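Enquirer: Here's a structure for you.
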Amino acid sequence: MQPQDLFARRSIRKYTSEPITQAQLQIALEAAMAAPSAMHCDPWRFLVLTDPKDLNALADCLPYGQMLRHAQAGFIVCGDLTAAHRGELSYLLQDVSAAIENLLLALHALGLGAVWLGIHPNEDRIQHVAEHFGLPKQILPIAAVAVGHPAEHPEPRTRYDAKKVKWGRWSN
């Protein structure tokens with residue numbers, strides 16, 4: 001993959017009915033777990049959903065996650081507070097976010113489409129997801145990812161903005 005290939009990774013919210021293989025999901029999970037982690041604590045945890053009933057239930061938990069009803073798979077990406085560096089939420093959020101980005105990039109490299117759906121810090125969403133999917137108390141749902149074969153193909157783009165970059169020092 002070339003750096004410019006990253007510009008083609010876009011949030012995909014429309015999917016075909018083509019199935020996703022277990023091997024594709026496994027590769028995506030391995031890539032997610034190759035993310036950096038503070039002190040190699042690896043606090044990420046993944047709940048993989050492929051049953052349409054589960055995907056619909058997750059869509060019920062997430063007001064902006066209705067595309068899950070048409071996805072072929074989904075992930076609930078969580079963090080284990082007892083595994084996070086020093087048990088700190090800040091480290092957990094950084095580590096899990098890095099894993100989510102690796103997951104999205106791997107799915108894109110596999111020719112799949114995906115979209116990141118926030119759960120944390122919305123307490124209602126956290127509680128609904130945790131209760132419905134039986135998450136243990138120390139497992140905090142951070143985000144969901146809907147996955148499918150893309151039925152839309154947005155143009156590659158960069159969001160680079162030179163006004164948001166300082167070189168050497170913050171002050172001019």
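By convention in this document, the chains of the structure tokens carry letters A, B, ... by their order, each chain's residues are numbered from 1, and ligands are numbered from 1 in the order they are shown.
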Taking 6 positions as the minimum chain separation for residues in the same chain, which residues sit within 8 Å of segment 67-77 of chain A when counting only C-alpha atoms? Answer as a PDB file with C-alpha atoms, in the first residue's frame.
Expert:
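File written: selection.pdb
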```pdb
ATOM      1  CA  ARG A  13     -22.387   3.431   4.727  1.00  0.00           C
ATOM      2  CA  LYS A  14     -23.963   1.452   1.866  1.00  0.00           C
ATOM      3  CA  TYR A  15     -23.211  -2.218   1.282  1.00  0.00           C
ATOM      4  CA  THR A  16     -24.013  -4.984  -1.167  1.00  0.00           C
ATOM      5  CA  SER A  17     -25.343  -8.333   0.029  1.00  0.00           C
ATOM      6  CA  GLU A  18     -22.097 -10.119  -0.873  1.00  0.00           C
ATOM      7  CA  PRO A  19     -20.878 -12.134   2.125  1.00  0.00           C
ATOM      8  CA  ILE A  20     -17.697 -11.457   4.029  1.00  0.00           C
ATOM      9  CA  TRP A  44      -8.585  -3.726  23.216  1.00  0.00           C
ATOM     10  CA  ARG A  45     -11.322  -6.332  23.074  1.00  0.00           C
ATOM     11  CA  PHE A  46     -13.508  -7.126  20.055  1.00  0.00           C
ATOM     12  CA  LEU A  47     -17.018  -8.483  19.789  1.00  0.00           C
ATOM     13  CA  VAL A  48     -17.596  -9.637  16.190  1.00  0.00           C
ATOM     14  CA  LEU A  49     -21.162  -9.668  14.922  1.00  0.00           C
ATOM     15  CA  THR A  50     -22.286 -11.512  11.791  1.00  0.00           C
ATOM     16  CA  ASP A  51     -25.856 -12.496  12.679  1.00  0.00           C
ATOM     17  CA  PRO A  52     -28.367 -10.016  11.198  1.00  0.00           C
ATOM     18  CA  LEU A  55     -26.465  -6.217  13.715  1.00  0.00           C
ATOM     19  CA  ASN A  56     -30.053  -4.939  13.958  1.00  0.00           C
ATOM     20  CA  LEU A  58     -26.648  -2.849  17.566  1.00  0.00           C
ATOM     21  CA  ALA A  59     -28.354  -0.464  15.133  1.00  0.00           C
ATOM     22  CA  VAL A  96      -8.367   1.322  21.300  1.00  0.00           C
ATOM     23  CA  ILE A 100      -9.858   0.945  15.319  1.00  0.00           C
ATOM     24  CA  PRO A 141     -17.593  -0.240  24.553  1.00  0.00           C
ATOM     25  CA  ILE A 142     -15.750   2.529  22.698  1.00  0.00           C
ATOM     26  CA  ALA A 143     -17.034   2.262  19.126  1.00  0.00           C
ATOM     27  CA  ALA A 144     -18.737   0.080  16.584  1.00  0.00           C
ATOM     28  CA  VAL A 145     -17.626  -0.556  13.020  1.00  0.00           C
ATOM     29  CA  ALA A 146     -20.104  -1.548  10.299  1.00  0.00           C
ATOM     30  CA  VAL A 147     -18.586  -3.642   7.490  1.00  0.00           C
ATOM     31  CA  GLY A 148     -19.651  -4.806   4.060  1.00  0.00           C
ATOM     32  CA  HIS A 149     -18.733  -4.864   0.406  1.00  0.00           C
TER      33      HIS A 149
END
```
Enquirer: Would you list the contacts of Ala8 of chain A as a PyMOL selection string, taking every protein, DNA or RNA residue within 12 Å and counting only C-alpha atoms, but skipping same-chain residues closer than 4 positions in sequence?
Expert: chain A and resi 1-4+12+104-105+108-109+111-113+153-159
Enquirer: Just the selected residues (C-alpha atoms), exported as a short mmCIF file (atom, residue, chain, number, x, y, z; two decimals), in the first residue's frame, please.
Expert:
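Result file is again.cif:
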```
data_model
loop_
_atom_site.label_atom_id
_atom_site.label_comp_id
_atom_site.auth_asym_id
_atom_site.auth_seq_id
_atom_site.Cartn_x
_atom_site.Cartn_y
_atom_site.Cartn_z
CA MET A 1 0.00 0.00 0.00
CA GLN A 2 1.32 3.42 -0.94
CA PRO A 3 0.70 6.49 1.27
CA GLN A 4 -1.63 8.00 -1.33
CA ILE A 12 -18.76 3.62 3.62
CA LEU A 104 -10.47 0.40 9.18
CA LEU A 105 -7.29 0.43 7.09
CA HIS A 108 -10.11 -1.02 3.14
CA ALA A 109 -7.04 -2.96 1.98
CA GLY A 111 -11.62 -4.23 -0.57
CA LEU A 112 -14.31 -3.88 2.07
CA GLY A 113 -16.14 -0.76 3.17
CA HIS A 153 -17.40 4.52 -4.04
CA PRO A 154 -16.60 8.07 -2.89
CA GLU A 155 -13.63 9.73 -4.57
CA PRO A 156 -10.29 9.61 -2.76
CA ARG A 157 -9.46 12.81 -0.94
CA THR A 158 -7.10 14.43 1.46
CA ARG A 159 -8.25 16.64 4.30
#
```
Enquirer: Please, which residues of chain A, numbered as in this document, come out helix (DSSP H, G or I) from DSSP, as JSON, numbers by chain?
Expert: {"A": [3, 4, 5, 6, 7, 8, 22, 23, 24, 25, 26, 27, 28, 29, 30, 31, 32, 38, 39, 40, 52, 53, 54, 55, 56, 57, 58, 59, 60, 61, 66, 67, 68, 69, 70, 85, 86, 87, 89, 90, 91, 92, 93, 94, 95, 96, 97, 98, 99, 100, 101, 102, 103, 104, 105, 106, 107, 108, 109, 123, 124, 125, 126, 127, 128, 129, 130, 131, 132, 133, 162, 163, 164]}
Enquirer: Could you please take those selected residues and save C-alpha atoms as an mmCIF file, in the first residue's frame?
Expert:
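What follows is the written file result.cif:
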```
data_model
loop_
_atom_site.group_PDB
_atom_site.id
_atom_site.type_symbol
_atom_site.label_atom_id
_atom_site.label_comp_id
_atom_site.auth_asym_id
_atom_site.auth_seq_id
_atom_site.Cartn_x
_atom_site.Cartn_y
_atom_site.Cartn_z
ATOM 1 C CA PRO A 3 0.701 6.489 1.267
ATOM 2 C CA GLN A 4 -1.634 8.002 -1.334
ATOM 3 C CA ASP A 5 -3.773 4.823 -1.110
ATOM 4 C CA LEU A 6 -4.815 6.028 2.342
ATOM 5 C CA PHE A 7 -6.738 8.883 0.710
ATOM 6 C CA ALA A 8 -9.125 6.317 -0.794
ATOM 7 C CA GLN A 22 -14.223 -15.534 8.169
ATOM 8 C CA ALA A 23 -10.687 -15.188 6.766
ATOM 9 C CA GLN A 24 -11.277 -11.502 5.930
ATOM 10 C CA LEU A 25 -12.550 -10.820 9.450
ATOM 11 C CA GLN A 26 -9.573 -12.674 10.930
ATOM 12 C CA ILE A 27 -7.062 -10.636 8.905
ATOM 13 C CA ALA A 28 -8.795 -7.405 9.952
ATOM 14 C CA LEU A 29 -8.651 -8.429 13.615
ATOM 15 C CA GLU A 30 -4.963 -9.322 13.351
ATOM 16 C CA ALA A 31 -4.264 -5.920 11.797
ATOM 17 C CA ALA A 32 -6.253 -4.182 14.535
ATOM 18 C CA ALA A 38 1.024 1.985 25.850
ATOM 19 C CA MET A 39 3.480 -0.388 27.522
ATOM 20 C CA HIS A 40 2.155 -3.223 25.315
ATOM 21 C CA PRO A 52 -28.367 -10.016 11.198
ATOM 22 C CA LYS A 53 -30.320 -10.075 14.483
ATOM 23 C CA ASP A 54 -27.233 -8.854 16.349
ATOM 24 C CA LEU A 55 -26.465 -6.217 13.715
ATOM 25 C CA ASN A 56 -30.053 -4.939 13.958
ATOM 26 C CA ALA A 57 -29.842 -4.900 17.754
ATOM 27 C CA LEU A 58 -26.648 -2.849 17.566
ATOM 28 C CA ALA A 59 -28.354 -0.464 15.133
ATOM 29 C CA ASP A 60 -31.118 -0.081 17.736
ATOM 30 C CA CYS A 61 -28.452 1.067 20.221
ATOM 31 C CA GLN A 66 -28.662 2.402 10.835
ATOM 32 C CA MET A 67 -26.329 1.138 8.097
ATOM 33 C CA LEU A 68 -25.626 -1.811 10.393
ATOM 34 C CA ARG A 69 -28.998 -3.211 9.267
ATOM 35 C CA HIS A 70 -27.501 -3.725 5.793
ATOM 36 C CA HIS A 85 -1.769 1.062 31.259
ATOM 37 C CA ARG A 86 -2.059 2.150 34.914
ATOM 38 C CA GLY A 87 -5.797 1.405 34.609
ATOM 39 C CA LEU A 89 -9.112 5.615 30.696
ATOM 40 C CA SER A 90 -6.944 8.019 28.700
ATOM 41 C CA TYR A 91 -4.476 5.288 27.727
ATOM 42 C CA LEU A 92 -7.319 2.883 26.995
ATOM 43 C CA LEU A 93 -8.959 5.374 24.615
ATOM 44 C CA GLN A 94 -5.699 6.034 22.779
ATOM 45 C CA ASP A 95 -4.884 2.335 22.417
ATOM 46 C CA VAL A 96 -8.367 1.322 21.300
ATOM 47 C CA SER A 97 -8.534 4.229 18.826
ATOM 48 C CA ALA A 98 -5.264 3.097 17.256
ATOM 49 C CA ALA A 99 -6.690 -0.426 16.933
ATOM 50 C CA ILE A 100 -9.858 0.945 15.319
ATOM 51 C CA GLU A 101 -7.850 2.877 12.737
ATOM 52 C CA ASN A 102 -5.788 -0.233 11.931
ATOM 53 C CA LEU A 103 -9.050 -2.179 11.606
ATOM 54 C CA LEU A 104 -10.470 0.396 9.181
ATOM 55 C CA LEU A 105 -7.290 0.427 7.089
ATOM 56 C CA ALA A 106 -7.173 -3.369 6.941
ATOM 57 C CA LEU A 107 -10.816 -3.575 5.877
ATOM 58 C CA HIS A 108 -10.114 -1.023 3.142
ATOM 59 C CA ALA A 109 -7.036 -2.964 1.984
ATOM 60 C CA GLU A 123 -23.578 7.020 28.586
ATOM 61 C CA ASP A 124 -26.905 5.918 27.066
ATOM 62 C CA ARG A 125 -25.143 4.153 24.203
ATOM 63 C CA ILE A 126 -22.557 2.599 26.520
ATOM 64 C CA GLN A 127 -25.255 1.247 28.818
ATOM 65 C CA HIS A 128 -27.496 -0.005 26.012
ATOM 66 C CA VAL A 129 -24.643 -1.816 24.224
ATOM 67 C CA ALA A 130 -23.217 -3.244 27.456
ATOM 68 C CA GLU A 131 -26.576 -4.546 28.631
ATOM 69 C CA HIS A 132 -27.728 -5.939 25.303
ATOM 70 C CA PHE A 133 -24.486 -7.739 24.493
ATOM 71 C CA ALA A 162 -1.828 23.787 6.169
ATOM 72 C CA LYS A 163 -3.412 26.214 8.664
ATOM 73 C CA LYS A 164 -3.537 23.363 11.178
#
```
